[in-house]
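Structure first, commentary second.
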Amino acid sequence: MRGLRIPISRRQNRRLKRDAGIRIGGGSTIEEGKPAPDFSLVADDGRTVSLKDLRGKRVVLYFYPKDDTPGCTVEACAFRDLLSDVAHAGAVVLGVSRDDTESHVRFKRKFNLNFPLLSDPDAKVHRMYGAWGKKVMYGKETEGVIRSTVLIDEKGSVARHWRRVKAEGHAAEVLAALASA
């Protein structure tokens, strides 16, 4: 006979794990107000993009699961459409996924995207930014990319972190945060 099972909600389960010091998948390893982890990733055009090279600019770093899929396309096209407003607010947009640069080139060309797409094939940067972990898809727990965005200020600190975002309307939410900061 197995131990007595008491039904609890998912929220209660997460709280118990947190209080017990168990790291829950997808938990952020970054905090608002703290320095953003530095990274260097290859962009769709073959050049290497490093966070340290972007000091003095605000950076919208958004993580998405896969090129040319419905939700990722909605999010990318929204950032594309708002890019001039984002640039006017003194920020650059960088999209990050595990896809290779060839996939990024096709995706960028197909949807006329106007910002760099960075390749993180081993999900190292995803993990540093809390964008990789356990999630539930179609009722099944799986591990993978967690759609999220990090706004990094001019000094390289995390100004805002959106976890587990919805693709629809998220770019506008980021733009509003840029405008109010």
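Residues in the structure tokens are named by chain (A, B, ... in the order shown) and by number from 1 within that chain; ligands are numbered from 1 in the order shown.
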Within 12 Å of A:Tyr129 using only C-alpha atoms, minus same-chain residues under 4 positions, as a PDB file with C-alpha atoms, in the first residue's frame:
```pdb
ATOM      1  CA  GLY A  26      11.307  27.009 -15.630  1.00  0.00           C
ATOM      2  CA  GLY A  27      12.106  28.921 -12.478  1.00  0.00           C
ATOM      3  CA  SER A  28      14.034  32.027 -13.293  1.00  0.00           C
ATOM      4  CA  THR A  29      17.709  32.231 -12.547  1.00  0.00           C
ATOM      5  CA  ILE A  30      17.539  36.006 -13.004  1.00  0.00           C
ATOM      6  CA  GLU A  31      16.024  38.776 -10.921  1.00  0.00           C
ATOM      7  CA  GLU A  32      14.794  42.228 -11.767  1.00  0.00           C
ATOM      8  CA  PRO A  35      22.838  42.163 -13.746  1.00  0.00           C
ATOM      9  CA  ALA A  36      21.613  40.193 -16.760  1.00  0.00           C
ATOM     10  CA  PRO A  37      23.775  37.163 -17.565  1.00  0.00           C
ATOM     11  CA  ASP A  38      26.137  37.916 -20.431  1.00  0.00           C
ATOM     12  CA  PHE A  39      25.913  35.798 -23.551  1.00  0.00           C
ATOM     13  CA  LEU A  61      15.412  39.648 -25.362  1.00  0.00           C
ATOM     14  CA  TYR A  62      12.546  37.327 -26.166  1.00  0.00           C
ATOM     15  CA  PHE A  63      12.654  33.543 -26.110  1.00  0.00           C
ATOM     16  CA  VAL A  96      16.198  33.646 -29.336  1.00  0.00           C
ATOM     17  CA  ALA A 123      19.560  26.041 -24.687  1.00  0.00           C
ATOM     18  CA  LYS A 124      22.393  27.331 -22.482  1.00  0.00           C
ATOM     19  CA  VAL A 125      21.199  30.941 -22.652  1.00  0.00           C
ATOM     20  CA  GLY A 133      12.012  24.022 -17.989  1.00  0.00           C
ATOM     21  CA  VAL A 145      11.314  26.336 -24.142  1.00  0.00           C
ATOM     22  CA  ILE A 146       9.182  28.588 -21.975  1.00  0.00           C
ATOM     23  CA  ARG A 147       8.043  31.621 -23.952  1.00  0.00           C
ATOM     24  CA  SER A 148       9.356  34.600 -22.005  1.00  0.00           C
ATOM     25  CA  THR A 149      10.870  38.037 -22.446  1.00  0.00           C
ATOM     26  CA  VAL A 150      13.504  39.993 -20.561  1.00  0.00           C
ATOM     27  CA  LEU A 151      13.944  43.751 -20.772  1.00  0.00           C
ATOM     28  CA  ILE A 152      17.540  44.702 -20.054  1.00  0.00           C
ATOM     29  CA  VAL A 158      17.263  43.182 -15.744  1.00  0.00           C
ATOM     30  CA  ARG A 160      11.618  43.524 -16.332  1.00  0.00           C
ATOM     31  CA  HIS A 161      11.012  39.798 -16.765  1.00  0.00           C
ATOM     32  CA  TRP A 162       7.843  38.401 -18.296  1.00  0.00           C
ATOM     33  CA  ARG A 163       7.478  34.668 -17.639  1.00  0.00           C
TER      34      ARG A 163
END
```
Exercise for the section: For stretch 47-50 of chain A, work out the shell of residues within 10 Å, counting only C-alpha atoms and skipping chain neighbours fewer than 3 positions away, then give it as a VMD selection string. Expected result: chain A and resid 38 to 44 53 to 55 94 116 to 119
Serialized selection, C-alpha atoms, as a JSON list (two decimals), in the first residue's frame:
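Generated output (out.json):
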```
[["chain", "number", "residue", "atom", "x", "y", "z"],
["A", 38, "ASP", "CA", 26.14, 37.92, -20.43],
["A", 39, "PHE", "CA", 25.91, 35.80, -23.55],
["A", 40, "SER", "CA", 27.29, 35.52, -27.06],
["A", 41, "LEU", "CA", 25.13, 33.85, -29.71],
["A", 42, "VAL", "CA", 25.27, 33.57, -33.48],
["A", 43, "ALA", "CA", 22.64, 35.61, -35.33],
["A", 44, "ASP", "CA", 20.82, 34.76, -38.55],
["A", 53, "ASP", "CA", 28.38, 44.90, -26.89],
["A", 54, "LEU", "CA", 24.89, 46.35, -26.42],
["A", 55, "ARG", "CA", 25.64, 48.38, -23.28],
["A", 94, "LEU", "CA", 16.57, 40.09, -30.20],
["A", 116, "PRO", "CA", 18.17, 39.64, -35.35],
["A", 117, "LEU", "CA", 17.23, 36.05, -34.53],
["A", 118, "LEU", "CA", 19.81, 34.31, -32.36],
["A", 119, "SER", "CA", 20.54, 30.60, -32.29]]
```
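Comparing the minimum interatomic distances between A:Leu83 and each of A:Gly71, A:Met128, A:Ser103, A:Ala171, counting only C-alpha atoms, we find that A:Ala171 sits nearest.
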Problem - Exercise: A:Glu143 partners within 8 Å, only C-alpha atoms, chain neighbours under 5 positions left out, as a PyMOL selection string - result: chain A and resi 25+132-135
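One distance worth recording is that between atom CA of A:Ala91 and atom CA of A:Val59, which is 5.3 Å.
Pairwise distance (atom CA of A:Gly144, atom CA of A:Asp100) equals 16.2 Å.
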Practice task
May I have all residues of chain A that DSSP, computed from the backbone, assigns to strand (DSSP E), given as a VMD selection string?
Solution key: chain A and resid 40 to 43 48 to 50 58 to 63 91 to 97 117 to 119 132 to 137 140 to 145 148 to 152 158 to 162
